[in-house]
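Asks: One structure is given below, represented as structure tokens, and several questions about it will come after.
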Amino acid sequence: MATLEIKDLHVSVNTDEGSKEILKGVDLTIKAGETHAIMGPNGSGKSTLSYAIAGHPKYEITSGSVLLDGEDVLEMTVDERARAGLFLAMQYPVEVPGVSMSNFLRTAATAVRGEAPKLRHWVKEVKEAMSELDIDPTFAERSVNEGFSGGEKKRHEILQLGLLKPKVAILDETDSGLDVDALRVVSEGVNRYKASGDVGVMLITHYTRILKYISPDFVHVFANGRIAESGGPELADQLEAEGYVKYIGKQEAASIG
């Protein structure tokens with residue numbers, strides 16, 4: 001049973017004006033079988049949380065801890081974090097010219113599984129996964145994300161998720177830029193991953209529309225680098241109706257006071 005524990009996490013980023021603190025003490029525990037929706041306005045620190053956990057060099061963790069099954073994630077290199085079972089689907093997936101999707105996926109699967117998957121079984125596995133996500137089979141021989149539309153990039157992120165089967169998936173605004181059909185297909189891919197075993201999901205989003213397809217167990221409101229409030233799915237309905245104004249105001253008032 002995988003558990004991701006984030007304790008009093010403080011993260012800064014270097015700017016032209018010097019170091020700026022983005023996360024100001026985040027506490028969050030995600031257990032296997034749980035889906036946690038992280039919601040909040042632009043600039044609240046949601047994406048910073050995802051990149052800091054994944055090991056992006058731009059973000060400096062000044063204090064706090066991140067543990068995966070009791071192991072110190074912050075002491076691991078980026079590839080060690082992936083092999084340990086962490087997965088980040090990025091808001092803006094990068095293009096990797098010259099590396100085919102098929103080679104990329106098999107290399108990643110080999111690193112995570114500890115051995116190269118048998119080619120015949122692997123080809124079948126990839127074809128089935130691509131079919132479930134309505135991905136054209138010819139994309140397997142195209143360079144990673146090169147020339148892909150936003151929706152195609154997001155489908156390929158979920159393809160990786162399904163094939164690599166991490167313990168904890170962090171999905172950073174996977175719904176951004178998706179039309180209704182792509183949103184449904186991507187959400188179904190996430191739900192298949194969730195149903196495949198004891199895994200945890202951190203779903204970062206601005207909007208509630210993806211939560212109509214992926215049901216969260218917990219909803220957390222991010223504001224000013226902290227979790228301002230936590231609750232169940234009903235909290236997302238409240239945010240849909242009222243927005244984030246009261247949380248931004250509450251945080252600003254607290255910082256002034």
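Every chain in the structure tokens has a letter given in the order shown (A, B, ...), and although residue numbers restart at 1 in each chain, ligands are simply numbered from 1 in the order shown.
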Using only C-alpha atoms, determine which residues lie at most 8 Å from segment 44-52 of chain A, disregarding the query and same-chain residues fewer than 2 positions distant; provide the list as a PyMOL selection string.
Replies: chain A and resi 11+22-23+38-42+54-56+59-61+88+170+172+204+222-226
Asks: Would you export the selected residues with N, CA and C atoms as a short mmCIF file (atom, residue, chain, number, x, y, z; two decimals), in the first residue's frame, please?
Replies:
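Final file, result25.cif:
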data_model
loop_
_atom_site.label_atom_id
_atom_site.label_comp_id
_atom_site.auth_asym_id
_atom_site.auth_seq_id
_atom_site.Cartn_x
_atom_site.Cartn_y
_atom_site.Cartn_z
N VAL A 11 9.26 25.70 -0.40
CA VAL A 11 9.99 25.68 -1.67
C VAL A 11 10.14 27.10 -2.19
N ILE A 22 7.67 30.12 -2.65
CA ILE A 22 6.40 29.80 -3.32
C ILE A 22 5.53 28.92 -2.42
N LEU A 23 6.11 27.83 -1.91
CA LEU A 23 5.37 26.96 -0.98
C LEU A 23 5.76 27.33 0.44
N ILE A 38 -6.18 18.87 -6.20
CA ILE A 38 -5.56 20.11 -5.71
C ILE A 38 -6.07 21.24 -6.60
N MET A 39 -6.83 22.16 -6.00
CA MET A 39 -7.44 23.23 -6.77
C MET A 39 -7.00 24.58 -6.21
N GLY A 40 -6.99 25.59 -7.08
CA GLY A 40 -6.59 26.91 -6.62
C GLY A 40 -6.35 27.84 -7.78
N PRO A 41 -6.24 29.14 -7.51
CA PRO A 41 -6.03 30.12 -8.57
C PRO A 41 -4.63 30.07 -9.14
N ASN A 42 -4.41 30.75 -10.25
CA ASN A 42 -3.07 30.87 -10.83
C ASN A 42 -2.12 31.47 -9.81
N ALA A 54 8.84 16.09 -8.05
CA ALA A 54 9.48 15.35 -9.14
C ALA A 54 10.98 15.62 -9.24
N GLY A 55 11.45 16.74 -8.65
CA GLY A 55 12.88 17.01 -8.64
C GLY A 55 13.35 18.02 -9.66
N HIS A 56 12.48 18.92 -10.11
CA HIS A 56 12.88 19.96 -11.07
C HIS A 56 13.96 20.84 -10.42
N TYR A 59 13.51 24.49 -8.66
CA TYR A 59 12.85 24.70 -7.38
C TYR A 59 13.73 24.21 -6.23
N GLU A 60 13.97 25.09 -5.27
CA GLU A 60 14.82 24.76 -4.13
C GLU A 60 13.95 24.47 -2.91
N ILE A 61 14.09 23.27 -2.38
CA ILE A 61 13.35 22.91 -1.18
C ILE A 61 14.16 23.37 0.03
N LEU A 88 5.01 12.05 -12.99
CA LEU A 88 4.48 13.39 -13.20
C LEU A 88 4.03 13.54 -14.65
N ILE A 170 1.10 12.09 -10.28
CA ILE A 170 0.84 13.51 -10.10
C ILE A 170 0.48 14.06 -11.47
N ASP A 172 -0.54 17.22 -13.49
CA ASP A 172 -0.53 18.68 -13.41
C ASP A 172 -1.36 19.27 -14.54
N ILE A 204 -4.07 17.93 -10.12
CA ILE A 204 -3.99 19.38 -10.00
C ILE A 204 -4.82 20.01 -11.11
N PHE A 222 -5.71 25.31 -2.68
CA PHE A 222 -4.40 25.93 -2.55
C PHE A 222 -4.56 27.44 -2.66
N ALA A 223 -3.92 28.19 -1.76
CA ALA A 223 -3.91 29.64 -1.83
C ALA A 223 -2.66 30.15 -1.13
N ASN A 224 -1.92 31.00 -1.83
CA ASN A 224 -0.73 31.62 -1.26
C ASN A 224 0.27 30.60 -0.72
N GLY A 225 0.47 29.51 -1.47
CA GLY A 225 1.51 28.55 -1.12
C GLY A 225 1.18 27.59 -0.02
N ARG A 226 -0.11 27.53 0.36
CA ARG A 226 -0.52 26.62 1.42
C ARG A 226 -1.84 25.97 1.05
#
Asks: Among segment 30-167 of chain A, which ones does DSSP assign to strand (DSSP E) (computed from the backbone)? Answer as a VMD selection string.
Replies: chain A and resid 30 to 31 35 to 39 59 to 68 71 to 72 86 to 89 96 to 100 143 to 144
Asks: Go ahead and save the picked residues with C-alpha atoms, as a PDB file, in the first residue's frame.
Replies:
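The result, written out as again13.pdb:
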ATOM      1  CA  ILE A  30      -1.841  10.522  -0.276  1.00  0.00           C
ATOM      2  CA  LYS A  31      -2.497   6.833   0.327  1.00  0.00           C
ATOM      3  CA  THR A  35      -7.548  10.553  -5.420  1.00  0.00           C
ATOM      4  CA  HIS A  36      -6.715  14.031  -4.143  1.00  0.00           C
ATOM      5  CA  ALA A  37      -7.779  17.043  -6.217  1.00  0.00           C
ATOM      6  CA  ILE A  38      -5.555  20.109  -5.714  1.00  0.00           C
ATOM      7  CA  MET A  39      -7.438  23.233  -6.769  1.00  0.00           C
ATOM      8  CA  TYR A  59      12.850  24.698  -7.378  1.00  0.00           C
ATOM      9  CA  GLU A  60      14.818  24.759  -4.127  1.00  0.00           C
ATOM     10  CA  ILE A  61      13.352  22.905  -1.177  1.00  0.00           C
ATOM     11  CA  THR A  62      14.354  24.950   1.852  1.00  0.00           C
ATOM     12  CA  SER A  63      12.701  22.797   4.525  1.00  0.00           C
ATOM     13  CA  GLY A  64      10.255  19.972   5.023  1.00  0.00           C
ATOM     14  CA  SER A  65      10.185  16.397   3.791  1.00  0.00           C
ATOM     15  CA  VAL A  66       8.653  14.172   1.116  1.00  0.00           C
ATOM     16  CA  LEU A  67       8.486  10.445   1.842  1.00  0.00           C
ATOM     17  CA  LEU A  68       7.322   7.619  -0.420  1.00  0.00           C
ATOM     18  CA  GLU A  71      11.857   6.556   1.808  1.00  0.00           C
ATOM     19  CA  ASP A  72      13.242  10.106   1.519  1.00  0.00           C
ATOM     20  CA  LEU A  86       6.524   8.582  -8.751  1.00  0.00           C
ATOM     21  CA  PHE A  87       5.051   9.822 -12.022  1.00  0.00           C
ATOM     22  CA  LEU A  88       4.480  13.391 -13.205  1.00  0.00           C
ATOM     23  CA  ALA A  89       2.215  14.184 -16.145  1.00  0.00           C
ATOM     24  CA  VAL A  96      12.041  15.219 -27.715  1.00  0.00           C
ATOM     25  CA  PRO A  97      13.090  15.335 -31.398  1.00  0.00           C
ATOM     26  CA  GLY A  98      14.855  12.262 -32.739  1.00  0.00           C
ATOM     27  CA  VAL A  99      13.518   9.860 -30.112  1.00  0.00           C
ATOM     28  CA  SER A 100      10.567   7.752 -31.239  1.00  0.00           C
ATOM     29  CA  SER A 143       9.341  11.656 -32.202  1.00  0.00           C
ATOM     30  CA  VAL A 144       8.152  12.192 -28.640  1.00  0.00           C
TER      31      VAL A 144
END
Asks: Do a neighbour search on Ala140 of chain A at 9 Å with only C-alpha atoms, toss out local chain neighbours closer than 2 positions, and write the hits as number ranges by chain.
Replies: A: 100-103, 126, 130, 136-138, 142-144
Asks: Would you compute the distance between atom CA of Leu74 of chain A and atom CA of Phe104 of chain A? Give it in Å to one decimal.
Replies: 25.4 Å
Asks: Just want the 8 Å neighbourhood of Asn14 of chain A, counted on only C-alpha atoms, with same-chain residues fewer than 5 positions away dropped. Output as an NGL selection string.
Replies: :A and (19-20 or 58-59)
Asks: Could you save those same residues with C-alpha atoms as an mmCIF file, in the first residue's frame?
Replies:
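Now in out02.cif:
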data_model
loop_
_atom_site.group_PDB
_atom_site.id
_atom_site.type_symbol
_atom_site.label_atom_id
_atom_site.label_comp_id
_atom_site.auth_asym_id
_atom_site.auth_seq_id
_atom_site.Cartn_x
_atom_site.Cartn_y
_atom_site.Cartn_z
ATOM 1 C CA SER A 19 14.879 34.041 -4.078
ATOM 2 C CA LYS A 20 11.085 33.948 -3.739
ATOM 3 C CA LYS A 58 14.570 25.220 -10.728
ATOM 4 C CA TYR A 59 12.850 24.698 -7.378
#
Asks: Quick one: everything within 12 Å of Arg83 of chain A, counting only C-alpha atoms, minus sequence neighbours fewer than 5 positions away in the same chain. Send it as a list in words.
Replies: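 Once the adjacent positions are removed, what remains is Ala54, Leu68, Val73, Met76, Thr77, Val78, Ala108, Ala109, Thr110, Ala111, Val112, Arg113, Gly114, Leu164, Lys165, Pro166, Lys167 and Val168 of chain A.
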Asks: Write a file of the selected residues as a PDB file, in the first residue's frame, keeping N, CA and C atoms.
Replies:
ATOM      1  N   ALA A  54       8.839  16.088  -8.052  1.00  0.00           N
ATOM      2  CA  ALA A  54       9.478  15.353  -9.144  1.00  0.00           C
ATOM      3  C   ALA A  54      10.975  15.617  -9.238  1.00  0.00           C
ATOM      4  N   LEU A  68       8.107   8.608   0.312  1.00  0.00           N
ATOM      5  CA  LEU A  68       7.322   7.619  -0.420  1.00  0.00           C
ATOM      6  C   LEU A  68       7.574   6.273   0.216  1.00  0.00           C
ATOM      7  N   VAL A  73      12.279  10.951  -0.544  1.00  0.00           N
ATOM      8  CA  VAL A  73      12.258  11.283  -1.973  1.00  0.00           C
ATOM      9  C   VAL A  73      13.275  12.369  -2.306  1.00  0.00           C
ATOM     10  N   MET A  76      16.689  11.455  -3.476  1.00  0.00           N
ATOM     11  CA  MET A  76      16.782  10.690  -4.718  1.00  0.00           C
ATOM     12  C   MET A  76      17.019  11.618  -5.907  1.00  0.00           C
ATOM     13  N   THR A  77      17.721  11.098  -6.927  1.00  0.00           N
ATOM     14  CA  THR A  77      17.807  11.803  -8.200  1.00  0.00           C
ATOM     15  C   THR A  77      16.445  11.698  -8.903  1.00  0.00           C
ATOM     16  N   VAL A  78      16.277  12.463  -9.976  1.00  0.00           N
ATOM     17  CA  VAL A  78      15.003  12.458 -10.686  1.00  0.00           C
ATOM     18  C   VAL A  78      14.658  11.063 -11.194  1.00  0.00           C
ATOM     19  N   ALA A 108      11.746   3.525 -20.985  1.00  0.00           N
ATOM     20  CA  ALA A 108      11.190   3.895 -19.685  1.00  0.00           C
ATOM     21  C   ALA A 108      10.671   2.671 -18.941  1.00  0.00           C
ATOM     22  N   ALA A 109       9.978   1.799 -19.643  1.00  0.00           N
ATOM     23  CA  ALA A 109       9.446   0.584 -19.017  1.00  0.00           C
ATOM     24  C   ALA A 109      10.575  -0.313 -18.516  1.00  0.00           C
ATOM     25  N   THR A 110      11.662  -0.390 -19.283  1.00  0.00           N
ATOM     26  CA  THR A 110      12.815  -1.193 -18.870  1.00  0.00           C
ATOM     27  C   THR A 110      13.418  -0.654 -17.586  1.00  0.00           C
ATOM     28  N   ALA A 111      13.539   0.682 -17.501  1.00  0.00           N
ATOM     29  CA  ALA A 111      14.116   1.307 -16.309  1.00  0.00           C
ATOM     30  C   ALA A 111      13.246   1.066 -15.078  1.00  0.00           C
ATOM     31  N   VAL A 112      11.937   1.170 -15.256  1.00  0.00           N
ATOM     32  CA  VAL A 112      11.023   1.026 -14.122  1.00  0.00           C
ATOM     33  C   VAL A 112      10.871  -0.431 -13.694  1.00  0.00           C
ATOM     34  N   ARG A 113      10.798  -1.334 -14.681  1.00  0.00           N
ATOM     35  CA  ARG A 113      10.545  -2.746 -14.368  1.00  0.00           C
ATOM     36  C   ARG A 113      11.818  -3.513 -14.021  1.00  0.00           C
ATOM     37  N   GLY A 114      12.978  -2.936 -14.353  1.00  0.00           N
ATOM     38  CA  GLY A 114      14.233  -3.597 -14.028  1.00  0.00           C
ATOM     39  C   GLY A 114      14.725  -4.541 -15.098  1.00  0.00           C
ATOM     40  N   LEU A 164       3.622   2.415 -17.432  1.00  0.00           N
ATOM     41  CA  LEU A 164       4.664   2.414 -16.394  1.00  0.00           C
ATOM     42  C   LEU A 164       4.119   2.042 -15.019  1.00  0.00           C
ATOM     43  N   LYS A 165       2.821   2.229 -14.819  1.00  0.00           N
ATOM     44  CA  LYS A 165       2.141   1.796 -13.591  1.00  0.00           C
ATOM     45  C   LYS A 165       2.868   2.257 -12.313  1.00  0.00           C
ATOM     46  N   PRO A 166       2.981   3.559 -12.112  1.00  0.00           N
ATOM     47  CA  PRO A 166       3.635   4.063 -10.902  1.00  0.00           C
ATOM     48  C   PRO A 166       2.774   3.852  -9.656  1.00  0.00           C
ATOM     49  N   LYS A 167       3.395   4.055  -8.490  1.00  0.00           N
ATOM     50  CA  LYS A 167       2.660   3.962  -7.228  1.00  0.00           C
ATOM     51  C   LYS A 167       1.791   5.197  -6.999  1.00  0.00           C
ATOM     52  N   VAL A 168       2.354   6.365  -7.376  1.00  0.00           N
ATOM     53  CA  VAL A 168       1.654   7.640  -7.186  1.00  0.00           C
ATOM     54  C   VAL A 168       1.769   8.454  -8.464  1.00  0.00           C
TER      55      VAL A 168
END
Asks: Find, counting only C-alpha atoms, the residue in A:Arg81, A:Met90, A:Val190, A:Glu173 that gets nearest to Glu132 of chain A.
Replies: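 Counting only C-alpha atoms, the residue closest to Glu132 of chain A is A:Val190.
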Asks: Enumerate, as an MDAnalysis selection string, the complete set of residues in segment 102-191 of chain A that a backbone-based DSSP assignment places in alpha helix (DSSP H).
Replies: chainID A and resid 102:113 119:132 150:164 180:191
Asks: For those residues, write C-alpha atoms to a file as a PDB file, in the first residue's frame.
Replies:
ATOM      1  CA  SER A 102       8.142   3.401 -29.166  1.00  0.00           C
ATOM      2  CA  ASN A 103      11.814   3.601 -28.113  1.00  0.00           C
ATOM      3  CA  PHE A 104      11.040   6.109 -25.392  1.00  0.00           C
ATOM      4  CA  LEU A 105       8.268   3.988 -23.890  1.00  0.00           C
ATOM      5  CA  ARG A 106      10.242   0.732 -23.969  1.00  0.00           C
ATOM      6  CA  THR A 107      13.317   2.393 -22.461  1.00  0.00           C
ATOM      7  CA  ALA A 108      11.190   3.895 -19.685  1.00  0.00           C
ATOM      8  CA  ALA A 109       9.446   0.584 -19.017  1.00  0.00           C
ATOM      9  CA  THR A 110      12.815  -1.193 -18.870  1.00  0.00           C
ATOM     10  CA  ALA A 111      14.116   1.307 -16.309  1.00  0.00           C
ATOM     11  CA  VAL A 112      11.023   1.026 -14.122  1.00  0.00           C
ATOM     12  CA  ARG A 113      10.545  -2.746 -14.368  1.00  0.00           C
ATOM     13  CA  LEU A 119       9.137  -7.618 -27.419  1.00  0.00           C
ATOM     14  CA  ARG A 120       6.097  -9.617 -28.566  1.00  0.00           C
ATOM     15  CA  HIS A 121       4.192  -9.002 -25.335  1.00  0.00           C
ATOM     16  CA  TRP A 122       5.316  -5.376 -25.258  1.00  0.00           C
ATOM     17  CA  VAL A 123       4.058  -4.618 -28.777  1.00  0.00           C
ATOM     18  CA  LYS A 124       0.677  -6.095 -27.880  1.00  0.00           C
ATOM     19  CA  GLU A 125       0.575  -4.177 -24.593  1.00  0.00           C
ATOM     20  CA  VAL A 126       1.364  -0.855 -26.297  1.00  0.00           C
ATOM     21  CA  LYS A 127      -1.149  -1.411 -29.105  1.00  0.00           C
ATOM     22  CA  GLU A 128      -3.921  -2.177 -26.630  1.00  0.00           C
ATOM     23  CA  ALA A 129      -3.059   0.861 -24.500  1.00  0.00           C
ATOM     24  CA  MET A 130      -2.958   3.141 -27.555  1.00  0.00           C
ATOM     25  CA  SER A 131      -6.302   1.806 -28.767  1.00  0.00           C
ATOM     26  CA  GLU A 132      -7.933   2.502 -25.393  1.00  0.00           C
ATOM     27  CA  GLY A 150      -2.163  19.654 -26.961  1.00  0.00           C
ATOM     28  CA  GLY A 151      -4.705  16.853 -26.727  1.00  0.00           C
ATOM     29  CA  GLU A 152      -2.341  14.340 -28.353  1.00  0.00           C
ATOM     30  CA  LYS A 153       0.401  15.230 -25.887  1.00  0.00           C
ATOM     31  CA  LYS A 154      -1.950  14.709 -22.947  1.00  0.00           C
ATOM     32  CA  ARG A 155      -3.110  11.344 -24.277  1.00  0.00           C
ATOM     33  CA  HIS A 156       0.510  10.237 -24.553  1.00  0.00           C
ATOM     34  CA  GLU A 157       1.144  11.291 -20.956  1.00  0.00           C
ATOM     35  CA  ILE A 158      -1.701   9.011 -19.876  1.00  0.00           C
ATOM     36  CA  LEU A 159      -0.352   6.281 -22.188  1.00  0.00           C
ATOM     37  CA  GLN A 160       2.919   6.445 -20.217  1.00  0.00           C
ATOM     38  CA  LEU A 161       0.946   6.337 -16.977  1.00  0.00           C
ATOM     39  CA  GLY A 162      -0.847   3.158 -18.017  1.00  0.00           C
ATOM     40  CA  LEU A 163       2.301   1.405 -19.229  1.00  0.00           C
ATOM     41  CA  LEU A 164       4.664   2.414 -16.394  1.00  0.00           C
ATOM     42  CA  VAL A 180     -14.788  17.451 -24.411  1.00  0.00           C
ATOM     43  CA  ASP A 181     -13.965  14.225 -26.272  1.00  0.00           C
ATOM     44  CA  ALA A 182     -10.274  14.292 -25.370  1.00  0.00           C
ATOM     45  CA  LEU A 183     -11.129  15.082 -21.755  1.00  0.00           C
ATOM     46  CA  ARG A 184     -13.368  12.026 -21.587  1.00  0.00           C
ATOM     47  CA  VAL A 185     -10.745   9.732 -23.152  1.00  0.00           C
ATOM     48  CA  VAL A 186      -7.947  11.029 -20.903  1.00  0.00           C
ATOM     49  CA  SER A 187     -10.136  10.738 -17.794  1.00  0.00           C
ATOM     50  CA  GLU A 188     -11.056   7.167 -18.670  1.00  0.00           C
ATOM     51  CA  GLY A 189      -7.336   6.401 -18.963  1.00  0.00           C
ATOM     52  CA  VAL A 190      -6.718   7.788 -15.486  1.00  0.00           C
ATOM     53  CA  ASN A 191      -9.637   5.785 -14.104  1.00  0.00           C
TER      54      ASN A 191
END
Asks: Find, counting only C-alpha atoms, the residue in A:Met1, A:Glu242, A:Gly43, A:Glu146 that gets nearest to Gly70 of chain A.
Replies: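 Checking each candidate against Gly70 of chain A, we get A:Met1 as the closest.
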Asks: Which one is closest to Thr174 of chain A: A:Gly25, A:Pro57, A:Pro216, A:Pro93? Count only C-alpha atoms.
Replies: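 Distance minimum relative to Thr174 of chain A lands on A:Pro93.
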